[in-house]
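Q: Encoded as structure tokens, here's the structure I'll be asking about.
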Amino acid sequence: MPNNVDFQNEKEAILAIPEESVKTLNMPIGIFLQEAEDLYHWGLKDKEKLMGAGLPEAILDAIPVRAGACRHAQSEWNDEMSTREEAQNKWQVRFPSAYDLRDHLLHSYRYAFRNEPGILAVVDRIAEGYGHADMIQDLNDLAVLGKKHPDLLGAINFDMEKVDLAGTTSDDMADLLARSNGETLEGNEAKDIRDRAYTHLKEAVDQVRDCGKYVFWKDEKRLKGYRSSYFRKRHARSSKEVAQEVE
């Protein structure tokens, strides 16, 4: 069954998970998904014994569907991350010229309005503050102010196209900044859904693993399939590093 179909089938249950119950990833998502798939096929061979120990059949059968749903949610999150990275790259290229434009307008306005104290005070207020968001607002304010006084700017042969450019640059940079930063904020919808889908899958995985460890606690050949290979290898690596330090 396609992953997007799995997601639609599990969406209601995924979204119903209480916020306080949502888990954070404790291993790379790709590894976790593969371990979940492997666990399902391993558990199928022991299905009767697992059910005999109280594991609901539906929990084991749910793993591939929940894994598909989680894969779809991860793909949606990856897509947003790619959009974010693209926006960040564009921002890095464009933000120096946006600051230069802001500074050029401030410099020119101060000269053009040097004999107009009221207008000059507005320019000074616009120049206050710092940071990317302030720069974006400055460009918009300077565009509005410049359009109100074309005669004074014309007197110094100022290029009025730069006033229009300030307005469009403000809009463009605001959009880039939002797309660059928005996905890193808490509460991002795609990330929240991915985390919920992961929690939904982990719930089934943990139940199957716990039951398998209980049933096969004296059968190492079957028991190994109910343990996480990722954590087993990480533990072995950590133990080796400790031993080397002792030596």
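Following the order of the structure tokens, chains are lettered A, B, ..., residues in each are numbered from 1, and ligands are numbered from 1.
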Do you know which residues are at most 10 Å from Ala178 in chain A counting only C-alpha atoms, after dropping those on the same chain fewer than 2 positions away, and could you put them as a list in words?

A: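 My list of contacting residues is Arg84, Ala87, Gln88, Ala133, Met173, Ala174, Asp175, Leu176, Ser180, Asn181, Gly182 and Glu183 of chain A.
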
Q: Near Glu116 in chain A, within 12 Å and counting only C-alpha atoms, which residues show up once chain neighbours fewer than 6 positions away are dropped, as a PyMOL selection string?

A: chain A and resi 109-110+122-123+149+152

Q: Between A:Gly118, A:Gly131, A:Pro18, A:Gly30, which is the closest to Phe95 in chain A once you count only C-alpha atoms?

A: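 Going through A:Gly118, A:Gly131, A:Pro18, A:Gly30 one by one, the smallest distance to Phe95 in chain A is for A:Gly131.
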
Q: What is the distance between CA of Arg227 in chain A and CA of Tyr40 in chain A, in Å to one decimal?

A: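 CA of Tyr40 in chain A lies 12.4 Å from CA of Arg227 in chain A.
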
Q: Restrict the calculation to only C-alpha atoms, then for each residue of range 137-233 of chain A with any atom at most 10 Å from an atom of range 49-61 of chain A give the closest atom pair and their distance in Å to one decimal, rows by chain and rising residue number, as a Markdown table.

A:
| residue | atom | partner | partner_atom | distance |
| --- | --- | --- | --- | --- |
| A:Leu201 | CA | A:Ile59 | CA | 9.8 |
| A:Glu203 | CA | A:Ile59 | CA | 8.9 |
| A:Ala204 | CA | A:Ile59 | CA | 5.6 |
| A:Val205 | CA | A:Leu60 | CA | 8.0 |
| A:Gln207 | CA | A:Leu55 | CA | 7.5 |
| A:Val208 | CA | A:Leu60 | CA | 6.6 |
| A:Arg209 | CA | A:Leu50 | CA | 9.9 |
| A:Asp210 | CA | A:Leu55 | CA | 9.5 |
| A:Cys211 | CA | A:Leu50 | CA | 6.4 |
| A:Gly212 | CA | A:Leu50 | CA | 6.6 |
| A:Lys213 | CA | A:Leu50 | CA | 9.9 |
| A:Tyr214 | CA | A:Ala53 | CA | 8.4 |
| A:Val215 | CA | A:Leu50 | CA | 7.0 |
| A:Phe216 | CA | A:Lys49 | CA | 9.4 |

Q: What would the file look like if the residues just selected were written as an mmCIF file, in the first residue's frame with N, CA and C atoms?

A:
data_model
loop_
_atom_site.group_PDB
_atom_site.id
_atom_site.type_symbol
_atom_site.label_atom_id
_atom_site.label_comp_id
_atom_site.auth_asym_id
_atom_site.auth_seq_id
_atom_site.Cartn_x
_atom_site.Cartn_y
_atom_site.Cartn_z
ATOM 1 N N LEU A 201 4.048 4.991 15.545
ATOM 2 C CA LEU A 201 4.747 3.768 15.155
ATOM 3 C C LEU A 201 5.524 3.195 16.337
ATOM 4 N N GLU A 203 4.916 3.325 19.402
ATOM 5 C CA GLU A 203 4.010 2.687 20.353
ATOM 6 C C GLU A 203 3.850 1.198 20.022
ATOM 7 N N ALA A 204 3.642 0.894 18.745
ATOM 8 C CA ALA A 204 3.485 -0.505 18.327
ATOM 9 C C ALA A 204 4.812 -1.250 18.417
ATOM 10 N N VAL A 205 5.886 -0.607 17.973
ATOM 11 C CA VAL A 205 7.209 -1.227 18.006
ATOM 12 C C VAL A 205 7.590 -1.609 19.433
ATOM 13 N N GLN A 207 5.672 -2.206 21.998
ATOM 14 C CA GLN A 207 4.854 -3.305 22.524
ATOM 15 C C GLN A 207 5.330 -4.656 21.999
ATOM 16 N N VAL A 208 5.648 -4.694 20.716
ATOM 17 C CA VAL A 208 6.115 -5.956 20.130
ATOM 18 C C VAL A 208 7.472 -6.337 20.714
ATOM 19 N N ARG A 209 8.368 -5.367 20.841
ATOM 20 C CA ARG A 209 9.686 -5.658 21.404
ATOM 21 C C ARG A 209 9.579 -6.134 22.853
ATOM 22 N N ASP A 210 8.776 -5.454 23.634
ATOM 23 C CA ASP A 210 8.630 -5.832 25.044
ATOM 24 C C ASP A 210 8.091 -7.251 25.188
ATOM 25 N N CYS A 211 7.110 -7.569 24.356
ATOM 26 C CA CYS A 211 6.526 -8.908 24.415
ATOM 27 C C CYS A 211 7.542 -9.959 23.965
ATOM 28 N N GLY A 212 8.273 -9.651 22.886
ATOM 29 C CA GLY A 212 9.275 -10.586 22.388
ATOM 30 C C GLY A 212 10.369 -10.843 23.403
ATOM 31 N N LYS A 213 10.798 -9.795 24.090
ATOM 32 C CA LYS A 213 11.833 -9.963 25.122
ATOM 33 C C LYS A 213 11.328 -10.819 26.278
ATOM 34 N N TYR A 214 10.025 -10.665 26.563
ATOM 35 C CA TYR A 214 9.433 -11.463 27.642
ATOM 36 C C TYR A 214 9.347 -12.938 27.245
ATOM 37 N N VAL A 215 8.860 -13.193 26.042
ATOM 38 C CA VAL A 215 8.649 -14.568 25.599
ATOM 39 C C VAL A 215 9.966 -15.299 25.382
ATOM 40 N N PHE A 216 10.948 -14.631 24.777
ATOM 41 C CA PHE A 216 12.179 -15.316 24.363
ATOM 42 C C PHE A 216 13.386 -14.944 25.234
#

Q: Of the candidates A:Leu165, A:Gly43, A:Asp141, A:His200, which shows the shortest atom-to-atom distance to Tyr226 in chain A, using only C-alpha atoms?

A: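 Nearest to Tyr226 in chain A: A:Gly43.
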
Q: Please run DSSP on the backbone and report, as a VMD selection string, all residues within range 5-122 of chain A that come out as alpha helix (DSSP H).

A: chain A and resid 5 to 15 29 to 44 47 to 52 57 to 112 117 to 122

Q: Under the rule that only C-alpha atoms are counted, which of A:Trp91, A:Phe7, A:Tyr198, A:Trp77 is the nearest residue to Phe32 in chain A?

A: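 When distances to Phe32 in chain A are compared using only C-alpha atoms, the smallest one comes from A:Tyr198.
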
Q: I'd like the contact shell of Met27 in chain A - 9 Å cut-off, only C-alpha atoms, skipping same-chain residues fewer than 4 positions apart - returned as a ChimeraX atom specification.

A: /A:31-32,230-231

Q: Do you know which residues are at most 12 Å from range 187-195 of chain A counting only C-alpha atoms, after dropping those on the same chain fewer than 5 positions away, and could you put them as a PyMOL selection string?

A: chain A and resi 7+10-26+29+66-81+179+181-182+200-202

Q: Residues within 9 Å of Ser170 in chain A, please, as a ChimeraX atom specification. Count only C-alpha atoms; anything in the same chain fewer than 4 positions from it doesn't count.

A: /A:98,135-140,165-166,174-175
